[in-house]
Amino acid sequence: MTAWDKSRLPSRHVTVGPERAPHRSYYYAMGLTAEEIAAPLVGVATCWNEAAPCNIALSRQAQSAKRGVKEAGATPREFTTITVTDGIAMGHQSMKSSLASRDVIADSIELTMRGHCYDAMVGMAGCDKSLPGVMMAMLRLNVPAVFMYGGSIMPGKYQGRDVTVVDLFEAVGRHAAGQMTDAELDDLERHACPGAGACGGQFTANTMACISEVIGLALPHSAGAPAEDQDRDRWALESGRAVVELLRRNLRPRDIVTRDALHNAAAIVGATGGSTNAALHLPAMAHEAGIRFTLQDVAEIMRRTPHIADLKPGGTYVAADVHRIGGVPVIIRAMLDGGWLRGDCITVSGRTLAENHRDVIFPKDQDVVRPHTDPISPIGGVVALHGNLAPEGAIVKIAGMKTLRFEGTALCFDCEEDAFKAVDSRAYKAGDIIIIRYEGPKGGPGMREMLSTTSAIYGQGMGESVALITDGRFSGATRGFCIGHVGPEAAVGGPIALLRNGDRIVIDAEQGTIDVQLSDAELAKRRAEWTPRRTDYNSGALWKYAQTVGPAYLGAVTHPGGAAETHCYADQ
């Protein structure tokens, strides 16, 4: 094993010198040798649990990552953190825990790494909030680090066609409308999710997985293989080896995640019609690195990046189809050819983004990803909106939408449950704009996703006839005229709190506007009459989250971030 100079590594505080004999005794108790204790300590952090299929393969993959660390001359130390899985939390009060879990994941990894003085980390995640949570921790700690996605689920098969869990959410609406029998719903739910892995469309998990490669924190090709594919173990092994090389070179996450790299991350969301949640997670990741990168910055880049990947929910294909044609590098290759990426950004491979993809050949005998010369749309699949209803901005996913303008009247609800009940009982009509408010980061608390409601609307065949506006979020699986992240949120007296049933609203995604047809004087009058609301979460983790969380357009972050640091963990 290579002799390491630990004079600048955090693990010297627990492994070097006679005064650390008690600390070393704990490592001997766990079966380590003197050589292993003298080597750098590499945290292998996963979000493994038995909560959902997204995470179930991570423990297996972690063993391969540990082997890679060991083979490269360092000592792996495995630990786990939480996840809250949206597919199970969706549509009820549990969804308030989802976004808050992102910050708990980052916090718990930080505390474990700090508490044990680990020198580097491999981070592995499988579900929506866990991907940004792990990458946020990497940037916060700024020790050499490699990220690896746990992989997507294979599509299910139902009546001869590919299906995902989103088909089930929409089936609930069809069932409520009498268009699907109990037996058919039962048959679909038994076949929609055939095994391990995250939801297969270009929802939040796969959007963030694409980001992990293009932003440079994951090895090229590592995000593509489905969770149960044995190739995923090979990439875990390579990730373990790579992090030790980064340690030798002292190449750190903040060297990699620059403003140009963040540009690339936002661009791939636009090119793939990815999740609107990226506009929440990219500002939060940038915040950890001390970079101000807002929803507006993300959305501007997404809008001007042509849409080239025909992926669900607005399109046809799933992540397994992208893997079949060559994986995320095919998308990156097309984007580099189109001049939409900044190819000189360094990555965890030690090479630049352009160097990583120099030999990738764009496959022509497929229609999953279009060449840069023939995009699906000249603008990206996600755009921002501004106006008197959203002074801090809002966001909408336009991939697959037939019309980019909607004008209608407000139908207001102060929580998701009331809105879903109205939709389920068909207590709405064509031309309504359903308002779901007091669901923002503070007001929820926790900024719930509205997939149950939006999917029920589509299941009832009304997806093109109504719009939905919320200060909460949407799943990456949401489709239709659904505007989220409206800010300021209702809980702090934002204009969305002042709406009344029948107010006329105009949404124009082509122009990037969202306005209620009320005068400034009328809005001021209503604001003077408005009173804040209390939630039922007056203790515990969600109360704590509500006290610290910031606005959505800055990433709904809960601490001052890298810009406020006076010292970095990696340099202790």
# chains A, B, ... in the order shown; residues from 1 in each chain; ligands from 1
call {"tool": "residues_around", "arguments": {"residues": "Glu288 in chain A", "least_positions_apart": "6", "cutoff": "12 Å", "atoms": "only C-alpha atoms", "output": "count of residues only"}}
result
33
call {"tool": "closest_atom_pairs", "arguments": {"of": "range 71-120 of chain A", "to": "range 463-484 of chain A", "cutoff": "12 Å", "atoms": "only C-alpha atoms", "output": "Markdown table"}}
result
| residue | atom | partner | partner_atom | distance |
| --- | --- | --- | --- | --- |
| A:Thr85 | CA | A:Ser475 | CA | 11.7 |
| A:Asp86 | CA | A:Ser475 | CA | 8.4 |
| A:Gly87 | CA | A:Ser475 | CA | 9.4 |
| A:Ala89 | CA | A:Ser475 | CA | 11.7 |
| A:Met90 | CA | A:Ser475 | CA | 9.2 |
| A:Gly91 | CA | A:Ser475 | CA | 11.0 |
| A:Met95 | CA | A:Arg473 | CA | 10.6 |
| A:Lys96 | CA | A:Gly472 | CA | 10.0 |
| A:Ser98 | CA | A:Arg473 | CA | 10.8 |
| A:Leu99 | CA | A:Arg473 | CA | 9.6 |
call {"tool": "write_last_selection", "arguments": {"atoms": "C-alpha atoms", "output": "PDB file, in the first residue's frame"}}
result
ATOM      1  CA  THR A  85     -39.263   8.511  -1.540  1.00  0.00           C
ATOM      2  CA  ASP A  86     -41.724  10.712  -3.391  1.00  0.00           C
ATOM      3  CA  GLY A  87     -43.700   7.922  -5.023  1.00  0.00           C
ATOM      4  CA  ALA A  89     -44.983  10.163   0.103  1.00  0.00           C
ATOM      5  CA  MET A  90     -46.993  11.705  -2.774  1.00  0.00           C
ATOM      6  CA  GLY A  91     -50.511  13.016  -2.355  1.00  0.00           C
ATOM      7  CA  MET A  95     -44.895  14.767   1.042  1.00  0.00           C
ATOM      8  CA  LYS A  96     -44.018  17.705   3.307  1.00  0.00           C
ATOM      9  CA  SER A  98     -39.598  15.258   0.872  1.00  0.00           C
ATOM     10  CA  LEU A  99     -37.770  18.512   0.151  1.00  0.00           C
TER      11      LEU A  99
END
call {"tool": "select_by_dssp", "arguments": {"residues": "range 459-564 of chain A", "states": "alpha helix (DSSP H)", "output": "list of chain:residue names"}}
result
A:Gly459, A:Asp520, A:Ala521, A:Glu522, A:Leu523, A:Ala524, A:Lys525, A:Arg526, A:Arg527, A:Ala528, A:Glu529, A:Gly540, A:Ala541, A:Leu542, A:Trp543, A:Lys544, A:Tyr545, A:Ala546, A:Gln547, A:Thr548
call {"tool": "write_last_selection", "arguments": {"atoms": "N, CA, C and O atoms", "output": "short mmCIF file (atom, residue, chain, number, x, y, z; two decimals), in the first residue's frame"}}
result
data_model
loop_
_atom_site.label_atom_id
_atom_site.label_comp_id
_atom_site.auth_asym_id
_atom_site.auth_seq_id
_atom_site.Cartn_x
_atom_site.Cartn_y
_atom_site.Cartn_z
N GLY A 459 -55.77 12.06 -16.11
CA GLY A 459 -56.52 10.82 -16.18
C GLY A 459 -57.98 11.04 -16.53
O GLY A 459 -58.62 10.18 -17.14
N ASP A 520 -52.73 47.40 -9.40
CA ASP A 520 -51.83 47.48 -8.25
C ASP A 520 -52.61 47.93 -7.01
O ASP A 520 -52.33 47.45 -5.90
N ALA A 521 -53.57 48.81 -7.20
CA ALA A 521 -54.36 49.32 -6.07
C ALA A 521 -55.19 48.20 -5.45
O ALA A 521 -55.29 48.09 -4.22
N GLU A 522 -55.78 47.35 -6.29
CA GLU A 522 -56.59 46.25 -5.77
C GLU A 522 -55.72 45.23 -5.04
O GLU A 522 -56.09 44.73 -3.98
N LEU A 523 -54.55 44.94 -5.60
CA LEU A 523 -53.63 44.01 -4.93
C LEU A 523 -53.18 44.58 -3.58
O LEU A 523 -53.10 43.85 -2.58
N ALA A 524 -52.91 45.90 -3.53
CA ALA A 524 -52.49 46.53 -2.29
C ALA A 524 -53.62 46.48 -1.26
O ALA A 524 -53.38 46.25 -0.06
N LYS A 525 -54.85 46.69 -1.69
CA LYS A 525 -56.01 46.63 -0.79
C LYS A 525 -56.15 45.23 -0.19
O LYS A 525 -56.36 45.07 1.01
N ARG A 526 -56.03 44.22 -1.05
CA ARG A 526 -56.14 42.84 -0.56
C ARG A 526 -54.99 42.48 0.37
O ARG A 526 -55.18 41.75 1.34
N ARG A 527 -53.81 43.00 0.07
CA ARG A 527 -52.66 42.70 0.93
C ARG A 527 -52.87 43.29 2.32
O ARG A 527 -52.50 42.67 3.33
N ALA A 528 -53.45 44.46 2.39
CA ALA A 528 -53.72 45.09 3.68
C ALA A 528 -54.72 44.28 4.49
O ALA A 528 -54.70 44.31 5.73
N GLU A 529 -55.59 43.54 3.82
CA GLU A 529 -56.62 42.74 4.50
C GLU A 529 -56.12 41.33 4.82
O GLU A 529 -56.78 40.61 5.59
N GLY A 540 -40.79 19.92 16.07
CA GLY A 540 -40.18 18.87 15.27
C GLY A 540 -39.43 19.37 14.04
O GLY A 540 -39.20 20.57 13.86
N ALA A 541 -39.06 18.42 13.20
CA ALA A 541 -38.17 18.71 12.07
C ALA A 541 -38.79 19.68 11.07
O ALA A 541 -38.09 20.55 10.53
N LEU A 542 -40.09 19.55 10.80
CA LEU A 542 -40.70 20.44 9.82
C LEU A 542 -40.85 21.86 10.36
O LEU A 542 -40.74 22.83 9.61
N TRP A 543 -41.09 22.00 11.67
CA TRP A 543 -41.08 23.34 12.26
C TRP A 543 -39.69 23.95 12.11
O TRP A 543 -39.54 25.11 11.71
N LYS A 544 -38.67 23.18 12.43
CA LYS A 544 -37.30 23.68 12.33
C LYS A 544 -36.98 24.08 10.89
O LYS A 544 -36.34 25.12 10.65
N TYR A 545 -37.42 23.25 9.94
CA TYR A 545 -37.19 23.56 8.52
C TYR A 545 -37.85 24.90 8.15
O TYR A 545 -37.23 25.74 7.49
N ALA A 546 -39.08 25.09 8.58
CA ALA A 546 -39.81 26.31 8.23
C ALA A 546 -39.12 27.56 8.78
O ALA A 546 -39.22 28.64 8.18
N GLN A 547 -38.44 27.45 9.92
CA GLN A 547 -37.77 28.61 10.51
C GLN A 547 -36.55 29.05 9.70
O GLN A 547 -36.18 30.23 9.72
N THR A 548 -35.92 28.11 9.02
CA THR A 548 -34.64 28.41 8.37
C THR A 548 -34.70 28.48 6.86
O THR A 548 -33.80 29.05 6.23
#
call {"tool": "residues_around", "arguments": {"residues": "range 117-121 of chain A", "least_positions_apart": "5", "cutoff": "7 Å", "atoms": "only C-alpha atoms", "output": "list of chain:residue names"}}
result
A:Leu9, A:Pro10, A:Ser11, A:His13, A:Val14, A:Pro40, A:Leu41, A:Val42, A:Gly43, A:Val44, A:Val143, A:Pro144, A:Ala145, A:Val146, A:Leu247
call {"tool": "write_last_selection", "arguments": {"atoms": "N, CA and C atoms", "output": "PDB file, in the first residue's frame"}}
result
ATOM      1  N   LEU A   9      -4.376  16.095   5.601  1.00  0.00           N
ATOM      2  CA  LEU A   9      -5.638  15.377   5.481  1.00  0.00           C
ATOM      3  C   LEU A   9      -6.407  15.400   6.797  1.00  0.00           C
ATOM      4  N   PRO A  10      -7.724  15.521   6.752  1.00  0.00           N
ATOM      5  CA  PRO A  10      -8.509  15.543   7.991  1.00  0.00           C
ATOM      6  C   PRO A  10      -8.293  14.322   8.880  1.00  0.00           C
ATOM      7  N   SER A  11      -8.066  13.144   8.289  1.00  0.00           N
ATOM      8  CA  SER A  11      -7.968  11.926   9.105  1.00  0.00           C
ATOM      9  C   SER A  11      -6.745  11.896  10.010  1.00  0.00           C
ATOM     10  N   HIS A  13      -6.277  13.761  12.340  1.00  0.00           N
ATOM     11  CA  HIS A  13      -6.767  14.083  13.682  1.00  0.00           C
ATOM     12  C   HIS A  13      -7.251  12.851  14.441  1.00  0.00           C
ATOM     13  N   VAL A  14      -7.463  11.730  13.743  1.00  0.00           N
ATOM     14  CA  VAL A  14      -7.946  10.527  14.435  1.00  0.00           C
ATOM     15  C   VAL A  14      -7.026   9.324  14.236  1.00  0.00           C
ATOM     16  N   PRO A  40      -5.525   7.090   3.738  1.00  0.00           N
ATOM     17  CA  PRO A  40      -6.658   8.012   3.807  1.00  0.00           C
ATOM     18  C   PRO A  40      -7.960   7.254   4.067  1.00  0.00           C
ATOM     19  N   LEU A  41      -8.869   7.884   4.777  1.00  0.00           N
ATOM     20  CA  LEU A  41     -10.178   7.305   5.069  1.00  0.00           C
ATOM     21  C   LEU A  41     -11.200   7.923   4.114  1.00  0.00           C
ATOM     22  N   VAL A  42     -11.857   7.071   3.338  1.00  0.00           N
ATOM     23  CA  VAL A  42     -12.803   7.525   2.321  1.00  0.00           C
ATOM     24  C   VAL A  42     -14.209   7.109   2.730  1.00  0.00           C
ATOM     25  N   GLY A  43     -15.069   8.081   2.981  1.00  0.00           N
ATOM     26  CA  GLY A  43     -16.456   7.784   3.272  1.00  0.00           C
ATOM     27  C   GLY A  43     -17.172   7.308   2.021  1.00  0.00           C
ATOM     28  N   VAL A  44     -17.868   6.185   2.115  1.00  0.00           N
ATOM     29  CA  VAL A  44     -18.721   5.703   1.025  1.00  0.00           C
ATOM     30  C   VAL A  44     -20.157   5.849   1.519  1.00  0.00           C
ATOM     31  N   VAL A 143     -14.174  18.071   0.062  1.00  0.00           N
ATOM     32  CA  VAL A 143     -13.125  17.055  -0.022  1.00  0.00           C
ATOM     33  C   VAL A 143     -13.230  16.392  -1.394  1.00  0.00           C
ATOM     34  N   PRO A 144     -12.163  15.812  -1.922  1.00  0.00           N
ATOM     35  CA  PRO A 144     -12.271  15.087  -3.182  1.00  0.00           C
ATOM     36  C   PRO A 144     -13.434  14.098  -3.134  1.00  0.00           C
ATOM     37  N   ALA A 145     -14.259  14.096  -4.169  1.00  0.00           N
ATOM     38  CA  ALA A 145     -15.503  13.326  -4.110  1.00  0.00           C
ATOM     39  C   ALA A 145     -15.952  12.921  -5.507  1.00  0.00           C
ATOM     40  N   VAL A 146     -16.584  11.762  -5.581  1.00  0.00           N
ATOM     41  CA  VAL A 146     -17.189  11.272  -6.820  1.00  0.00           C
ATOM     42  C   VAL A 146     -18.627  10.872  -6.508  1.00  0.00           C
ATOM     43  N   LEU A 247      -7.922  12.430  -4.730  1.00  0.00           N
ATOM     44  CA  LEU A 247      -7.249  12.729  -3.469  1.00  0.00           C
ATOM     45  C   LEU A 247      -5.760  12.977  -3.695  1.00  0.00           C
TER      46      LEU A 247
END
call {"tool": "select_by_dssp", "arguments": {"residues": "range 39-268 of chain A", "states": "strand (DSSP E or B)", "output": "ChimeraX atom specification"}}
result
/A:41-46,75-80,120-125,145-149,152,156-158,161-163,198
call {"tool": "write_last_selection", "arguments": {"atoms": "N, CA, C and O atoms", "output": "compact mmCIF listing (two decimals), in the first residue's frame"}}
result
# COMPACT_ATOMS: atom_id res chain seq x y z
N LEU A 41 -8.87 7.88 4.78
CA LEU A 41 -10.18 7.30 5.07
C LEU A 41 -11.20 7.92 4.11
O LEU A 41 -11.37 9.15 4.09
N VAL A 42 -11.86 7.07 3.34
CA VAL A 42 -12.80 7.52 2.32
C VAL A 42 -14.21 7.11 2.73
O VAL A 42 -14.52 5.91 2.83
N GLY A 43 -15.07 8.08 2.98
CA GLY A 43 -16.46 7.78 3.27
C GLY A 43 -17.17 7.31 2.02
O GLY A 43 -17.06 7.93 0.96
N VAL A 44 -17.87 6.19 2.11
CA VAL A 44 -18.72 5.70 1.02
C VAL A 44 -20.16 5.85 1.52
O VAL A 44 -20.65 5.03 2.31
N ALA A 45 -20.78 6.93 1.11
CA ALA A 45 -22.11 7.30 1.63
C ALA A 45 -23.19 6.86 0.65
O ALA A 45 -23.12 7.19 -0.54
N THR A 46 -24.16 6.13 1.13
CA THR A 46 -25.29 5.75 0.29
C THR A 46 -26.60 6.10 0.99
O THR A 46 -26.65 6.32 2.20
N THR A 75 -8.67 3.57 2.35
CA THR A 75 -9.49 2.73 3.23
C THR A 75 -10.94 3.22 3.21
O THR A 75 -11.22 4.34 3.66
N PRO A 76 -11.86 2.40 2.71
CA PRO A 76 -13.27 2.82 2.63
C PRO A 76 -13.98 2.65 3.96
O PRO A 76 -13.73 1.69 4.70
N ARG A 77 -14.88 3.57 4.28
CA ARG A 77 -15.73 3.49 5.47
C ARG A 77 -17.16 3.76 5.04
O ARG A 77 -17.53 4.90 4.72
N GLU A 78 -17.96 2.74 4.99
CA GLU A 78 -19.33 2.85 4.50
C GLU A 78 -20.26 3.42 5.57
O GLU A 78 -20.18 3.06 6.74
N PHE A 79 -21.15 4.31 5.16
CA PHE A 79 -22.24 4.75 6.04
C PHE A 79 -23.46 5.10 5.19
O PHE A 79 -23.36 5.27 3.98
N THR A 80 -24.60 5.17 5.83
CA THR A 80 -25.84 5.44 5.11
C THR A 80 -26.52 6.68 5.66
O THR A 80 -26.24 7.13 6.77
N ALA A 120 -12.14 11.95 1.97
CA ALA A 120 -12.74 12.00 0.65
C ALA A 120 -14.04 11.22 0.73
O ALA A 120 -14.32 10.57 1.74
N MET A 121 -14.83 11.28 -0.35
CA MET A 121 -16.07 10.50 -0.30
C MET A 121 -16.53 10.07 -1.68
O MET A 121 -16.29 10.74 -2.69
N VAL A 122 -17.17 8.92 -1.71
CA VAL A 122 -17.98 8.48 -2.84
C VAL A 122 -19.42 8.58 -2.36
O VAL A 122 -19.76 8.02 -1.30
N GLY A 123 -20.26 9.29 -3.09
CA GLY A 123 -21.66 9.46 -2.71
C GLY A 123 -22.56 8.78 -3.71
O GLY A 123 -22.42 9.00 -4.91
N MET A 124 -23.48 7.95 -3.22
CA MET A 124 -24.35 7.17 -4.11
C MET A 124 -25.80 7.40 -3.70
O MET A 124 -26.16 7.27 -2.53
N ALA A 125 -26.64 7.75 -4.68
CA ALA A 125 -28.03 8.08 -4.39
C ALA A 125 -28.94 7.54 -5.48
O ALA A 125 -28.52 7.37 -6.63
N ALA A 145 -14.26 14.10 -4.17
CA ALA A 145 -15.50 13.33 -4.11
C ALA A 145 -15.95 12.92 -5.51
O ALA A 145 -15.75 13.65 -6.48
N VAL A 146 -16.58 11.76 -5.58
CA VAL A 146 -17.19 11.27 -6.82
C VAL A 146 -18.63 10.87 -6.51
O VAL A 146 -18.89 10.19 -5.51
N PHE A 147 -19.53 11.28 -7.35
CA PHE A 147 -20.94 10.92 -7.21
C PHE A 147 -21.28 9.78 -8.16
O PHE A 147 -20.74 9.71 -9.27
N MET A 148 -22.18 8.90 -7.74
CA MET A 148 -22.70 7.89 -8.66
C MET A 148 -24.19 7.66 -8.41
O MET A 148 -24.61 7.44 -7.27
N TYR A 149 -24.95 7.71 -9.47
CA TYR A 149 -26.39 7.43 -9.45
C TYR A 149 -26.61 5.94 -9.32
O TYR A 149 -25.90 5.14 -9.93
N SER A 152 -31.78 3.70 -12.89
CA SER A 152 -33.23 3.78 -13.04
C SER A 152 -33.86 2.39 -13.10
O SER A 152 -33.18 1.38 -13.31
N GLY A 156 -42.16 -1.04 -16.84
CA GLY A 156 -43.07 -2.17 -16.68
C GLY A 156 -43.78 -2.47 -17.99
O GLY A 156 -43.72 -1.69 -18.95
N LYS A 157 -44.45 -3.58 -18.04
CA LYS A 157 -45.21 -3.98 -19.23
C LYS A 157 -46.67 -4.17 -18.84
O LYS A 157 -46.98 -4.88 -17.89
N TYR A 158 -47.56 -3.53 -19.59
CA TYR A 158 -48.99 -3.65 -19.34
C TYR A 158 -49.72 -3.58 -20.67
O TYR A 158 -49.55 -2.62 -21.43
N ARG A 161 -47.54 -2.66 -23.72
CA ARG A 161 -46.83 -1.37 -23.83
C ARG A 161 -46.00 -1.12 -22.58
O ARG A 161 -46.27 -1.67 -21.51
N ASP A 162 -44.97 -0.26 -22.74
CA ASP A 162 -44.15 0.15 -21.61
C ASP A 162 -44.94 1.09 -20.71
O ASP A 162 -45.65 1.99 -21.21
N VAL A 163 -44.82 0.90 -19.40
CA VAL A 163 -45.50 1.79 -18.45
C VAL A 163 -44.53 2.16 -17.32
O VAL A 163 -43.54 1.47 -17.07
N ALA A 198 -34.85 3.94 -9.78
CA ALA A 198 -35.68 5.13 -9.71
C ALA A 198 -36.60 5.21 -10.92
O ALA A 198 -36.36 4.57 -11.94
call {"tool": "residues_around", "arguments": {"residues": "Ile105 in chain A", "least_positions_apart": "4", "cutoff": "7 Å", "atoms": "only C-alpha atoms", "output": "list in words"}}
result
Thr81, Ile82, Ser101, Ile109, Ser130, Gly133 and Val134 of chain A
call {"tool": "closest_residue", "arguments": {"among": "A:Ala384, A:Ile37, A:Cys345, A:Ala171", "to": "Asp186 in chain A", "atoms": "only C-alpha atoms"}}
result
A:Ala171
call {"tool": "atom_distance", "arguments": {"atom1": "CA of Arg12 in chain A", "atom2": "CA of Leu111 in chain A"}}
result
17.4 Å
call {"tool": "residues_around", "arguments": {"residues": "Lys312 in chain A", "least_positions_apart": "5", "cutoff": "9 Å", "atoms": "only C-alpha atoms", "output": "PyMOL selection string"}}
result
chain A and resi 200-203+273+317-319+400+477
call {"tool": "decode", "arguments": {"residues": "range 67-129 of chain A", "atoms": "C-alpha atoms", "output": "short mmCIF file (atom, residue, chain, number, x, y, z; two decimals), in the first residue's frame"}}
result
data_model
loop_
_atom_site.label_atom_id
_atom_site.label_comp_id
_atom_site.auth_asym_id
_atom_site.auth_seq_id
_atom_site.Cartn_x
_atom_site.Cartn_y
_atom_site.Cartn_z
CA ARG A 67 -13.44 -2.42 -3.44
CA GLY A 68 -12.36 0.30 -5.87
CA VAL A 69 -11.22 2.55 -3.01
CA LYS A 70 -9.29 -0.33 -1.47
CA GLU A 71 -7.63 -1.34 -4.74
CA ALA A 72 -6.49 2.26 -5.27
CA GLY A 73 -4.72 2.38 -1.89
CA ALA A 74 -7.17 4.04 0.51
CA THR A 75 -9.49 2.73 3.23
CA PRO A 76 -13.27 2.82 2.63
CA ARG A 77 -15.73 3.49 5.47
CA GLU A 78 -19.33 2.85 4.50
CA PHE A 79 -22.24 4.75 6.04
CA THR A 80 -25.84 5.44 5.11
CA THR A 81 -28.26 8.33 5.30
CA ILE A 82 -32.00 8.78 4.91
CA THR A 83 -34.27 9.18 1.94
CA VAL A 84 -37.92 10.10 1.60
CA THR A 85 -39.26 8.51 -1.54
CA ASP A 86 -41.72 10.71 -3.39
CA GLY A 87 -43.70 7.92 -5.02
CA ILE A 88 -44.81 6.73 -1.59
CA ALA A 89 -44.98 10.16 0.10
CA MET A 90 -46.99 11.71 -2.77
CA GLY A 91 -50.51 13.02 -2.36
CA HIS A 92 -50.73 13.24 1.45
CA GLN A 93 -49.07 14.94 4.40
CA SER A 94 -45.91 12.83 4.15
CA MET A 95 -44.89 14.77 1.04
CA LYS A 96 -44.02 17.70 3.31
CA SER A 97 -41.00 15.65 4.38
CA SER A 98 -39.60 15.26 0.87
CA LEU A 99 -37.77 18.51 0.15
CA ALA A 100 -36.73 18.86 3.78
CA SER A 101 -35.05 15.45 3.44
CA ARG A 102 -32.66 16.89 0.84
CA ASP A 103 -31.13 19.18 3.44
CA VAL A 104 -31.16 16.50 6.13
CA ILE A 105 -29.25 14.22 3.74
CA ALA A 106 -26.63 16.93 3.15
CA ASP A 107 -26.47 17.75 6.87
CA SER A 108 -26.15 14.11 7.96
CA ILE A 109 -23.37 13.40 5.47
CA GLU A 110 -21.57 16.55 6.58
CA LEU A 111 -21.83 15.56 10.24
CA THR A 112 -20.66 11.99 9.60
CA MET A 113 -17.70 13.15 7.52
CA ARG A 114 -16.77 15.87 10.02
CA GLY A 115 -17.32 13.66 13.03
CA HIS A 116 -14.95 10.96 11.77
CA CYS A 117 -12.47 13.12 9.83
CA TYR A 118 -12.88 11.34 6.51
CA ASP A 119 -10.60 12.60 3.74
CA ALA A 120 -12.74 12.00 0.65
CA MET A 121 -16.07 10.50 -0.30
CA VAL A 122 -17.98 8.48 -2.84
CA GLY A 123 -21.66 9.46 -2.71
CA MET A 124 -24.35 7.17 -4.11
CA ALA A 125 -28.03 8.08 -4.39
CA GLY A 126 -31.10 6.68 -6.08
CA CYS A 127 -34.15 8.89 -5.48
CA ASP A 128 -35.18 12.44 -6.33
CA LYS A 129 -33.99 14.52 -3.35
#
